[in-house]
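Just work-v3.pdb here, PDB, C-alpha atoms:
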ATOM      1  CA  MET H   1      -6.887   5.373  -5.939
ATOM      2  CA  LEU H   2      -4.901   2.436  -4.616
ATOM      3  CA  VAL H   3      -6.513   0.038  -2.189
ATOM      4  CA  SER H   4      -4.554  -2.589  -0.321
ATOM      5  CA  MET H   5      -6.425  -5.246   1.631
ATOM      6  CA  LEU H   6      -4.493  -7.784   3.672
ATOM      7  CA  GLN H   7      -5.495 -10.632   5.931
ATOM      8  CA  GLY H   8      -4.534 -10.823   9.578
ATOM      9  CA  PRO H   9      -1.132 -12.088  10.692
ATOM     10  CA  GLU H  10      -0.021 -15.639  11.249
ATOM     11  CA  GLU H  11       1.523 -16.629  14.556
ATOM     12  CA  ASP H  12       5.123 -16.437  13.257
ATOM     13  CA  TRP H  13       4.554 -13.221  11.277
ATOM     14  CA  THR H  14       7.509 -10.852  10.803
ATOM     15  CA  PHE H  15       8.349  -8.174   8.261
ATOM     16  CA  ALA H  16      10.830 -10.616   6.708
ATOM     17  CA  THR H  17       8.311 -13.462   6.361
ATOM     18  CA  ALA H  18       5.654 -11.113   4.968
ATOM     19  CA  ARG H  19       7.728  -9.888   2.044
ATOM     20  CA  GLN H  20       6.034 -10.411  -1.302
ATOM     21  CA  PRO H  21       7.189 -11.103  -4.855
ATOM     22  CA  ALA H  22       7.759  -7.962  -6.905
ATOM     23  CA  ARG H  23       4.829  -6.949  -9.092
ATOM     24  CA  PHE H  24       5.089  -5.425 -12.520
ATOM     25  CA  GLY H  25       2.654  -3.809 -14.888
ATOM     26  CA  ALA H  26       1.917  -5.573 -18.166
ATOM     27  CA  GLY H  27       2.384  -4.452 -21.739
ATOM     28  CA  GLU H  28       2.706  -5.651 -25.312
ATOM     29  CA  ARG H  29       5.246  -4.701 -27.958
ATOM     30  CA  SER H  30       3.555  -2.307 -30.378
ATOM     31  CA  GLY H  31       3.327  -3.935 -33.797
ATOM     32  CA  GLY H  32       5.404  -6.890 -32.642
ATOM     33  CA  PRO H  33       4.627 -10.531 -32.027
ATOM     34  CA  ALA H  34       1.827 -11.220 -29.561
ATOM     35  CA  GLY H  35       3.034 -11.666 -26.023
ATOM     36  CA  GLU H  36       2.794  -9.993 -22.665
ATOM     37  CA  HIS H  37       5.797  -8.329 -21.066
ATOM     38  CA  ALA H  38       6.592  -7.171 -17.528
ATOM     39  CA  MET H  39       6.871  -3.374 -17.394
ATOM     40  CA  THR H  40       9.290  -1.148 -15.500
ATOM     41  CA  ASP H  41       9.368   2.662 -15.495
ATOM     42  CA  SER H  42      11.447   2.753 -18.676
ATOM     43  CA  GLY H  43      10.374  -0.323 -20.637
ATOM     44  CA  THR H  44      10.142  -4.071 -20.189
ATOM     45  CA  LEU H  45      12.217  -6.425 -18.071
ATOM     46  CA  CYS H  46      13.488  -8.018 -21.283
ATOM     47  CA  GLY H  47      14.724  -4.668 -22.627
ATOM     48  CA  ILE H  48      12.058  -3.313 -24.977
ATOM     49  CA  PRO H  49      12.018   0.503 -24.640
ATOM     50  CA  GLU H  50       8.900   2.203 -23.245
ATOM     51  CA  SER H  51       8.269   3.952 -26.578
ATOM     52  CA  HIS H  52       7.748   0.560 -28.280
ATOM     53  CA  VAL H  53       5.260  -0.831 -25.762
ATOM     54  CA  THR H  54       1.532  -0.423 -25.191
ATOM     55  CA  ARG H  55       0.848  -0.579 -21.453
ATOM     56  CA  TYR H  56      -2.109  -2.529 -20.072
ATOM     57  CA  ARG H  57      -4.089  -1.703 -16.955
ATOM     58  CA  HIS H  58      -3.340  -4.981 -15.209
ATOM     59  CA  LEU H  59      -0.348  -6.705 -13.678
ATOM     60  CA  PHE H  60       2.036  -9.031 -15.480
ATOM     61  CA  THR H  61       1.275 -12.678 -14.762
ATOM     62  CA  SER H  62       4.339 -14.925 -15.046
ATOM     63  CA  GLN H  63       2.151 -18.010 -15.321
ATOM     64  CA  GLY H  64       0.182 -16.624 -18.286
ATOM     65  CA  SER H  65       0.430 -18.565 -21.529
ATOM     66  CA  ARG H  66       1.398 -15.372 -23.383
ATOM     67  CA  ALA H  67       4.080 -14.283 -20.867
ATOM     68  CA  CYS H  68       7.464 -13.424 -22.368
ATOM     69  CA  PRO H  69       9.916 -16.126 -21.200
ATOM     70  CA  ARG H  70      12.674 -13.609 -20.418
ATOM     71  CA  CYS H  71      10.289 -11.298 -18.527
ATOM     72  CA  ARG H  72       9.022 -14.351 -16.633
ATOM     73  CA  GLN H  73      12.589 -15.226 -15.638
ATOM     74  CA  GLU H  74      13.523 -11.644 -14.688
ATOM     75  CA  ALA H  75      10.325 -11.185 -12.653
ATOM     76  CA  ALA H  76      11.050 -14.386 -10.708
ATOM     77  CA  ALA H  77      14.583 -13.148  -9.945
ATOM     78  CA  ALA H  78      13.451  -9.711  -8.727
ATOM     79  CA  PRO H  79      13.966  -9.038  -5.018
ATOM     80  CA  LEU H  80      11.052  -9.524  -2.647
ATOM     81  CA  GLN H  81       9.159  -6.355  -1.737
ATOM     82  CA  PRO H  82       8.124  -5.109   1.717
ATOM     83  CA  SER H  83       4.561  -5.853   2.844
ATOM     84  CA  ALA H  84       2.017  -3.088   3.357
ATOM     85  CA  GLN H  85       2.672  -3.338   7.103
ATOM     86  CA  GLU H  86       6.399  -2.775   6.667
ATOM     87  CA  ARG H  87       5.947   0.125   4.219
ATOM     88  CA  LEU H  88       3.407   1.835   6.490
ATOM     89  CA  HIS H  89       5.581   1.205   9.571
ATOM     90  CA  HIS H  90       8.422   3.034   7.818
ATOM     91  CA  LEU H  91       6.164   6.052   7.174
ATOM     92  CA  VAL H  92       4.537   6.102  10.622
ATOM     93  CA  ARG H  93       7.925   6.204  12.381
ATOM     94  CA  THR H  94       8.157   9.858  11.315
ATOM     95  CA  ALA H  95       4.756  10.782  12.844
ATOM     96  CA  VAL H  96       4.540  12.961  15.928
ATOM     97  CA  PRO H  97       5.446  10.796  18.942
ATOM     98  CA  GLY H  98       2.594   9.680  21.163
ATOM     99  CA  SER H  99       0.839   6.620  22.485
ATOM    100  CA  ALA H 100      -1.318   6.150  19.362
ATOM    101  CA  ARG H 101       1.766   6.228  17.128
ATOM    102  CA  ASP H 102       3.686   3.863  19.401
ATOM    103  CA  ASP H 103       0.777   1.420  19.640
ATOM    104  CA  LEU H 104       0.334   1.491  15.861
ATOM    105  CA  LEU H 105       4.047   0.828  15.272
ATOM    106  CA  ALA H 106       3.855  -2.164  17.629
ATOM    107  CA  ALA H 107       0.680  -3.439  15.949
ATOM    108  CA  LEU H 108       2.211  -3.149  12.461
ATOM    109  CA  ALA H 109       5.351  -4.986  13.629
ATOM    110  CA  LYS H 110       3.077  -7.854  14.717
ATOM    111  CA  GLY H 111       1.222  -7.898  11.386
ATOM    112  CA  ALA H 112      -1.933  -5.897  12.151
ATOM    113  CA  ARG H 113      -4.362  -5.875   9.244
ATOM    114  CA  VAL H 114      -3.990  -2.968   6.815
ATOM    115  CA  ALA H 115      -7.650  -2.798   5.865
ATOM    116  CA  LEU H 116      -7.394   0.165   3.521
ATOM    117  CA  TRP H 117      -4.630   2.285   2.028
ATOM    118  CA  LEU H 118      -5.381   4.798  -0.661
ATOM    119  CA  ARG H 119      -4.715   8.282  -1.955
ATOM    120  CA  GLY H 120      -7.164  10.639  -3.568
ATOM    121  CA  PRO H 121      -9.290  13.755  -3.341
ATOM    122  CA  THR H 122      -9.446  14.903   0.260
ATOM    123  CA  ALA H 123     -13.168  15.638   0.212
ATOM    124  CA  THR H 124     -13.996  12.126  -1.033
ATOM    125  CA  LEU H 125     -11.704  10.406   1.444
ATOM    126  CA  ALA H 126     -12.997  12.483   4.357
ATOM    127  CA  LEU H 127     -16.607  11.770   3.418
ATOM    128  CA  HIS H 128     -16.352   8.048   2.661
ATOM    129  CA  HIS H 129     -13.284   6.643   4.423
ATOM    130  CA  ALA H 130     -11.925   8.776   7.296
ATOM    131  CA  ARG H 131     -14.729   8.028   9.800
ATOM    132  CA  LEU H 132     -13.497  10.847  12.022
ATOM    133  CA  ASP H 133     -16.573  10.515  14.250
ATOM    134  CA  THR H 134     -15.403   7.048  15.403
ATOM    135  CA  LEU H 135     -12.020   8.290  16.628
ATOM    136  CA  THR H 136     -11.362   8.908  20.306
ATOM    137  CA  GLU H 137      -7.759  10.092  20.020
ATOM    138  CA  GLY H 138      -6.264  12.431  17.393
ATOM    139  CA  ALA H 139      -9.496  13.181  15.518
ATOM    140  CA  GLU H 140      -9.053  16.965  15.560
ATOM    141  CA  PRO H 141      -5.562  17.090  13.965
ATOM    142  CA  ALA H 142      -6.629  14.433  11.446
ATOM    143  CA  GLY H 143      -9.698  16.476  10.516
ATOM    144  CA  ALA H 144      -7.564  19.606  10.129
ATOM    145  CA  ALA H 145      -5.240  17.728   7.758
ATOM    146  CA  PHE H 146      -8.227  16.868   5.564
ATOM    147  CA  ASP H 147      -9.118  20.560   5.412
ATOM    148  CA  ALA H 148      -5.584  21.601   4.435
ATOM    149  CA  ALA H 149      -4.964  19.893   1.079
ATOM    150  CA  PRO H 150      -6.803  18.935  -2.124
ATOM    151  CA  THR H 151      -5.394  15.366  -2.117
ATOM    152  CA  ILE H 152      -4.170  13.187   0.706
ATOM    153  CA  GLY H 153      -3.223   9.633   1.604
ATOM    154  CA  LEU H 154      -5.130   7.594   4.153
ATOM    155  CA  ALA H 155      -4.555   4.193   5.724
ATOM    156  CA  ARG H 156      -6.817   2.257   8.084
ATOM    157  CA  VAL H 157      -5.229  -0.408  10.292
ATOM    158  CA  GLN H 158      -7.007  -2.800  12.633
ATOM    159  CA  ASP H 159      -5.588  -4.699  15.553
ATOM    160  CA  ASP H 160      -7.374  -6.551  18.345
ATOM    161  CA  SER H 161      -8.457  -3.412  20.235
ATOM    162  CA  TRP H 162      -8.107  -0.403  17.947
ATOM    163  CA  THR H 163      -8.860   0.923  14.500
ATOM    164  CA  PHE H 164      -6.096   3.341  13.541
ATOM    165  CA  LEU H 165      -6.371   6.083  10.955
ATOM    166  CA  VAL H 166      -3.127   7.250   9.382
ATOM    167  CA  VAL H 167      -3.318  10.522   7.469
ATOM    168  CA  LEU H 168      -0.479  10.835   4.955
ATOM    169  CA  PRO H 169      -0.171  14.455   3.779
ATOM    170  CA  GLU H 170       1.349  14.880   0.330
ATOM    171  CA  ASP H 171       3.134  18.131   1.206
ATOM    172  CA  GLY H 172       5.962  16.319   3.009
ATOM    173  CA  SER H 173       4.654  17.032   6.492
ATOM    174  CA  ARG H 174       4.573  14.279   9.119
ATOM    175  CA  PRO H 175       1.881  11.608   9.026
ATOM    176  CA  LEU H 176      -0.849  11.880  11.638
ATOM    177  CA  VAL H 177      -2.095   8.922  13.663
ATOM    178  CA  ALA H 178      -5.553   8.811  15.193
ATOM    179  CA  ARG H 179      -7.490   5.928  16.656
ATOM    180  CA  GLY H 180     -10.767   4.729  18.060
ATOM    181  CA  PRO H 181     -12.009   1.489  19.577
ATOM    182  CA  ARG H 182     -12.340  -1.332  17.113
ATOM    183  CA  SER H 183     -15.979  -2.015  16.426
ATOM    184  CA  PRO H 184     -17.113  -5.640  16.250
ATOM    185  CA  ALA H 185     -16.758  -7.041  12.735
TER     186      ALA H 185
END

Mind turning the file's structure into structure tokens?
Amino acid sequence: MLVSMLQGPEEDWTFATARQPARFGAGERSGGPAGEHAMTDSGTLCGIPESHVTRYRHLFTSQGSRACPRCRQEAAAAPLQPSAQERLHHLVRTAVPGSARDDLLAALAKGARVALWLRGPTATLALHHARLDTLTEGAEPAGAAFDAAPTIGLARVQDDSWTFLVVLPEDGSRPLVARGPRSPA
């Protein structure tokens, strides 16, 4: 499961100002000199093939004392990546039109807090994270989506007035947006 927690927006927040440095997995050359490398899907940024690398379960840290100098340089030169708000905005645009969707798109464009974003077993997410009983709009279709698939994506977004639930089906169907009043923190 992937969880993404972000703080609230600054006054001059935009998708462009919220872009983040690219992140890479970490690995070490198998049987080679000690040192940590930045991983891509096919190997390291410095060119070591995937088959010659042992992957670690943490991210590459450019500032680490064991960081490969070339990987450090390539990681620094990598293009900035969209924020969670921008990535979710892109997905939500394809949701069924309605006031909840439109309000969520506007909130994301202003930097609303993405409190949770994960994917996993539907039963677990429905039980521990969906909070369908707190929703006042769109709860029924969201609940039906949880009943329809073994795994699903879910995002929770908070703005000043609402807590939004975004259900991200993995079968290619449109995301669903539901919402309920934001409870005091």

As a check of understanding, name the residues that the PyMOL selection byres ((chain H and resi 181) around 7) selects in the supplied structure, as a PyMOL selection string.
chain H and resi 161-163+179-180+182-183

Written as a PDB file with C-alpha atoms, in the frame of the given file, which residues does the PyMOL selection byres ((chain H and resi 174) around 12) give for the file shown?
ATOM      1  CA  HIS H  90       8.422   3.034   7.818  1.00  0.00           C
ATOM      2  CA  LEU H  91       6.164   6.052   7.174  1.00  0.00           C
ATOM      3  CA  VAL H  92       4.537   6.102  10.622  1.00  0.00           C
ATOM      4  CA  ARG H  93       7.925   6.204  12.381  1.00  0.00           C
ATOM      5  CA  THR H  94       8.157   9.858  11.315  1.00  0.00           C
ATOM      6  CA  ALA H  95       4.756  10.782  12.844  1.00  0.00           C
ATOM      7  CA  VAL H  96       4.540  12.961  15.928  1.00  0.00           C
ATOM      8  CA  PRO H  97       5.446  10.796  18.942  1.00  0.00           C
ATOM      9  CA  ARG H 101       1.766   6.228  17.128  1.00  0.00           C
ATOM     10  CA  PRO H 141      -5.562  17.090  13.965  1.00  0.00           C
ATOM     11  CA  ALA H 142      -6.629  14.433  11.446  1.00  0.00           C
ATOM     12  CA  ALA H 145      -5.240  17.728   7.758  1.00  0.00           C
ATOM     13  CA  GLY H 153      -3.223   9.633   1.604  1.00  0.00           C
ATOM     14  CA  VAL H 166      -3.127   7.250   9.382  1.00  0.00           C
ATOM     15  CA  VAL H 167      -3.318  10.522   7.469  1.00  0.00           C
ATOM     16  CA  LEU H 168      -0.479  10.835   4.955  1.00  0.00           C
ATOM     17  CA  PRO H 169      -0.171  14.455   3.779  1.00  0.00           C
ATOM     18  CA  GLU H 170       1.349  14.880   0.330  1.00  0.00           C
ATOM     19  CA  ASP H 171       3.134  18.131   1.206  1.00  0.00           C
ATOM     20  CA  GLY H 172       5.962  16.319   3.009  1.00  0.00           C
ATOM     21  CA  SER H 173       4.654  17.032   6.492  1.00  0.00           C
ATOM     22  CA  PRO H 175       1.881  11.608   9.026  1.00  0.00           C
ATOM     23  CA  LEU H 176      -0.849  11.880  11.638  1.00  0.00           C
ATOM     24  CA  VAL H 177      -2.095   8.922  13.663  1.00  0.00           C
TER      25      VAL H 177
END

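Note that the spacing between CA of Ala38 in chain H and CA of Ala84 in chain H amounts to 21.8 Å.
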
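Using all atoms listed in the file, the nearest neighbour of Gln81 in chain H within the list H:Trp13, H:Ala18, H:Arg57, H:Ala155 is H:Ala18.
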
What does the PyMOL selection byres ((chain H and resi 20) around 9) select in this file, as a PyMOL selection string?
chain H and resi 17-19+21-23+79-83

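Proximity ranking of H:Phe24, H:Phe146, H:Tyr56, H:Phe15 relative to Cys71 in chain H places H:Phe24 first, based on only C-alpha atoms.
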